[in-house]
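What follows is a single structure, written as structure tokens, with notes after it.
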Amino acid sequence: MNALNTTKRPGFTVTLPGRRASFRVGLRVVLTGAVLAAAVTTLTVLAIGTGQYPIAPGDVLRAFAGNGQRAHMFVVETLRLPRVLTGLLVGAALGLAGAVFQSLTRNPLGSPDIVGFTTGAATGALIQIIVLGGGMVAVAGGALAGGLLTSLVVYLLAFRDGVQGYRLILVGIAVNGGLVATNIYLIARAEFADAHVAATWMTGNLNGRGWGHVNLLVGTLLVLVPVTLAFGRRLKLMELGDELATALGVRVESSRLWLMLLGVALTAVATVASGPIPFVALAAPQLARRLARSAAPVLVLSGLMGALLLVAGDMAAQRLLAPTQLPVGVMTGSLGGVYLVWVLVSGWRKR
């Protein structure tokens, strides 16, 4: 019923230049986006400046401008900036993918790491790492193929006169269980060195990330993000229900399939760069939605929240038990488990 509410909230209308199209942006959504962007920027500077060799925020900014001290420039540009940028881009991709799937399923549990797409991407990558011994490009292709194949299997198994959100989630959970068992089997049967690399990668980690990972993410997200955002209007109409969306001119099933493929591609490229990181895609859209007081996940806000959560989680993983550093996937998994319990309990109380 919230989607059909016609009461106008404070905001303004944006008209696309050269096109007969416009959309309304709520004032709270804009303010939330500005706050999240400022938080992401601040956290980025702090993350780059903290460590065994601390750098003041002002010196970090001077290094960004290219006129910092030589030691600061080396630490920022070579050691820390690639890791932080990888975290920002991976978090944004996961947050955006989570928003797409939660909107498609109309369920806060509709996340790629719940319905098996992240695990499927990990399976494809593991086959390349353990069985075929491929490099970064081959691992990226394997992750994308694994995620797409998983999404196709889930889609076909869940299809019955269309795809309903609850059915997609249930089928995805079942497929995810099988893929988890497959991944464990692959690691258990691998040579020790390959198993060690695979097990480390499977925990979700930003250690040792360089400019190659950043370039991979930038190159793919420059294509995937604008296309996903372009589908945002169809996604909002589909949240009204398949029949009403069809009446408004949306090709529901083809749009749903394309959005699933885009979400899987976002998940796969994030998985390649950092390994499977749990719960960011699950939590980011819901946290952003609650801040904006929106009836449904907002794509841009979800991406910003995902970037914020992952960089914050990586800082916590590095500093809480220093000098011991935890993989960021361990930190997000721990916090995500608490969040999942909260979602289930709050949903139960509403019944």
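Residues in the structure tokens are named by chain (A, B, ... in the order shown) and by number from 1 within that chain; ligands are numbered from 1 in the order shown.
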Item to complete: Name all residues at most 10 Å from stretch 212-220 of chain A (count only C-alpha atoms; drop same-chain ones fewer than 4 positions away) and give them as a ChimeraX atom specification.
Response: /A:81-90,93,136-137,140,208,224-225,265-266,269-270,272-274
Practice prompt. Select from stretch 233-331 of chain A everything DSSP, run on the backbone, classes as helix (DSSP H, G or I), then give the selection as a ChimeraX atom specification.
Written response: /A:233-238,242-247,252-274,280-292,299-319,328-331
Discussion item. Just checking: using only C-alpha atoms, which residue out of A:Trp211, A:Trp201, A:Phe117, A:Trp258 ends up closest to A:Ala281?
Written reply: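 Of all the options, A:Phe117 lies closest to A:Ala281.
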Worksheet item: Which residue, A:Val40, A:Leu240, A:Val175, A:Leu168, has the smallest gap to A:Gly91 when you use only C-alpha atoms?
Response: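 Once distances to A:Gly91 are computed over only C-alpha atoms, the minimum belongs to A:Val40.
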Worksheet entry | Point-to-point distance in Å for atom CA of A:Ala121 and atom CA of A:Leu144 |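 Separation between atom CA of A:Leu144 and atom CA of A:Ala121: 6.0 Å.
Take the candidates A:Val75, A:Leu126, A:Leu282, A:Leu257 and check each one against A:Val197 using only C-alpha atoms; the shortest distance goes to A:Leu126.
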Using only C-alpha atoms, which residues sit within 12 Å of A:Gly336 once same-chain residues fewer than 3 positions away are excluded, as a short mmCIF file (atom, residue, chain, number, x, y, z; two decimals) with C-alpha atoms, in the first residue's frame?
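Saved the output as around_20.cif:
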data_model
loop_
_atom_site.label_atom_id
_atom_site.label_comp_id
_atom_site.auth_asym_id
_atom_site.auth_seq_id
_atom_site.Cartn_x
_atom_site.Cartn_y
_atom_site.Cartn_z
CA LEU A 109 15.93 -11.48 2.72
CA ASP A 113 24.32 -14.19 -0.66
CA ILE A 114 21.06 -15.70 0.64
CA ILE A 277 31.81 -11.07 1.50
CA PRO A 278 28.59 -11.88 3.37
CA PHE A 279 25.70 -9.69 4.46
CA VAL A 280 26.72 -6.34 2.91
CA ALA A 281 24.23 -6.91 0.09
CA LEU A 282 21.64 -7.97 2.67
CA ALA A 283 22.02 -5.10 5.13
CA ALA A 284 22.96 -2.08 3.01
CA LEU A 309 29.70 -0.64 5.52
CA LEU A 310 32.52 -2.49 3.79
CA GLY A 313 34.12 -3.30 8.42
CA VAL A 328 36.86 -8.37 6.36
CA GLY A 329 34.47 -11.23 5.56
CA VAL A 330 34.77 -12.46 9.16
CA MET A 331 33.80 -9.03 10.47
CA THR A 332 30.86 -8.50 8.11
CA GLY A 333 29.69 -12.07 8.71
CA TYR A 339 21.48 -8.06 11.71
CA LEU A 340 19.77 -11.14 10.25
CA VAL A 341 18.44 -12.12 13.68
CA TRP A 342 17.10 -8.58 14.11
CA VAL A 343 15.35 -8.69 10.71
#
Item to complete: Considering only C-alpha atoms, state which residue in the set A:Val171, A:Ile129, A:Leu261, A:Ile184 is at the smallest distance from A:Ala198.
Response: A:Ile129
Fill in: Near-A:Gly142 list (7 Å; only C-alpha atoms; drop same-chain fewer than 2 positions) as a PyMOL selection string
chain A and resi 124-125+128+138-140+144-146
Worksheet entry | Residues within 12 Å of stretch 152-157 of chain A, only C-alpha atoms, excluding chain neighbours under 5 positions, as a count of residues only | 33
Worksheet item: Got a sec: who's within 10 Å of A:Leu229, counting only C-alpha atoms, leaving out chain neighbours fewer than 4 positions off, as a PyMOL selection string?
Response: chain A and resi 96+100+224-225+233-235+299-300
Item to complete: Check the smallest atom-to-atom distance from each of A:Ala38, A:Leu262, A:Val45, A:Met238 to A:Phe64 using only C-alpha atoms, then report the winner.
Response: A:Val45
Item to complete: Could you please determine the separation between atom CA of A:Gly306 and atom CA of A:Leu94 in Å, to one decimal place?
Response: 6.4 Å
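Proximity ranking of A:Ala63, A:Val298, A:Ile127, A:Leu27 relative to A:Thr228 places A:Val298 first, based on only C-alpha atoms.
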